[in-house]
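Down below is the structure, laid out as structure tokens.
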Amino acid sequence: MTGEKLNPTSRETAAHYIWGEVSEGWRLVDGPGLSVIEERVPPGSGEQWHVHDTARQFFYVLEGRAHLHTADGTVEFSAGEGVEVPAGLPHRFANPGPADVRFLVVSAPSTRGDRRAVDAP
């Protein structure tokens, strides 16, 4: 699409939300085919177990250390590392501490309407 004006986005201009009472996110890209969210999770916090039937996701840590739990075990990763989660794989992102973890989660297509809770394996 030529002629379309491109504008930078940031946490200051992105839609902000709180989740899990203490974690927060910024919707940097929010379209049906692609979602890019920056999130901050304090030590000891994390998501509930869930699955996306259609969307695949890529979690990329900007600061801190994270755990990604699946039925196969826990993947530990730190700043400068990422983990891809295929559609249909139950998972849970968590911050084992001792500092905040800041990360990007890229989803294609968007996870809006494509998230359902599951029991921990």
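Just so we're on the same page: first chain in the structure tokens is A, next is B, and so on; residues restart at 1 for each chain, and ligands are numbered from 1 in the order they show up.
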For this session: Enumerate the residues of chain A with a DSSP assignment of strand (DSSP E), computed from the backbone, and present them as a PyMOL selection string.
Result: chain A and resi 15-19+23-30+35-41+50-51+56-63+65-70+73-78+82-85+92-94+101-108+116-117
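Nearest to Gly88 of chain A of all the residues A:Ala117, A:Val41, A:Ala66, A:Val106 is A:Ala117, counting only C-alpha atoms.
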For this session: Check the smallest atom-to-atom distance from each of A:Glu81, A:Asp100, A:Glu76, A:Glu21 to Glu47 of chain A using only C-alpha atoms, then report the winner.
Result: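 Checking each candidate against Glu47 of chain A, we get A:Glu21 as the closest.
Across A:His16, A:Arg11, A:Arg40, A:Arg115, the tightest approach to Gln57 of chain A is made by A:Arg115 when counting only C-alpha atoms.
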Exercise. Got a sec: who's within 7 Å of Leu68 of chain A, counting only C-alpha atoms, leaving out chain neighbours fewer than 3 positions off, as a PyMOL selection string?
Worked result: chain A and resi 74-76+91-94
Problem set entry | All residues 12 Å or closer to Ser10 of chain A, only C-alpha atoms, same chain fewer than 5 positions away omitted, as a ChimeraX atom specification | /A:15-16,25-29,36-38
Exercise. Contacts of Leu34 of chain A at 7 Å or less, counting only C-alpha atoms, minus same-chain residues fewer than 6 places along, as a PyMOL selection string?
Worked result: chain A and resi 107-110
Problem set entry | Within 9 Å of Asp114 of chain A using only C-alpha atoms, minus same-chain residues under 3 positions, as a VMD selection string | chain A and resid 51 to 55 110 to 111
Those residues with N, CA, C and O atoms, as a short mmCIF file (atom, residue, chain, number, x, y, z; two decimals), in the first residue's frame please?
data_model
loop_
_atom_site.label_atom_id
_atom_site.label_comp_id
_atom_site.auth_asym_id
_atom_site.auth_seq_id
_atom_site.Cartn_x
_atom_site.Cartn_y
_atom_site.Cartn_z
N VAL A 51 -4.53 -22.15 26.28
CA VAL A 51 -4.13 -22.62 24.96
C VAL A 51 -4.77 -21.70 23.91
O VAL A 51 -5.83 -21.12 24.15
N HIS A 52 -4.09 -21.59 22.78
CA HIS A 52 -4.62 -20.87 21.62
C HIS A 52 -4.79 -21.92 20.52
O HIS A 52 -3.82 -22.59 20.14
N ASP A 53 -6.00 -22.06 20.01
CA ASP A 53 -6.26 -23.09 19.00
C ASP A 53 -5.74 -22.70 17.62
O ASP A 53 -5.42 -23.57 16.82
N THR A 54 -5.67 -21.42 17.33
CA THR A 54 -5.27 -20.96 15.99
C THR A 54 -3.93 -20.23 16.00
O THR A 54 -3.10 -20.45 15.12
N ALA A 55 -3.72 -19.35 16.96
CA ALA A 55 -2.53 -18.48 16.96
C ALA A 55 -1.28 -19.21 17.43
O ALA A 55 -1.31 -19.98 18.39
N SER A 110 -3.87 -12.88 15.51
CA SER A 110 -4.10 -12.32 16.85
C SER A 110 -4.73 -13.37 17.76
O SER A 110 -5.47 -14.25 17.30
N THR A 111 -4.48 -13.26 19.05
CA THR A 111 -5.07 -14.18 20.02
C THR A 111 -6.44 -13.71 20.51
O THR A 111 -7.07 -14.41 21.30
#
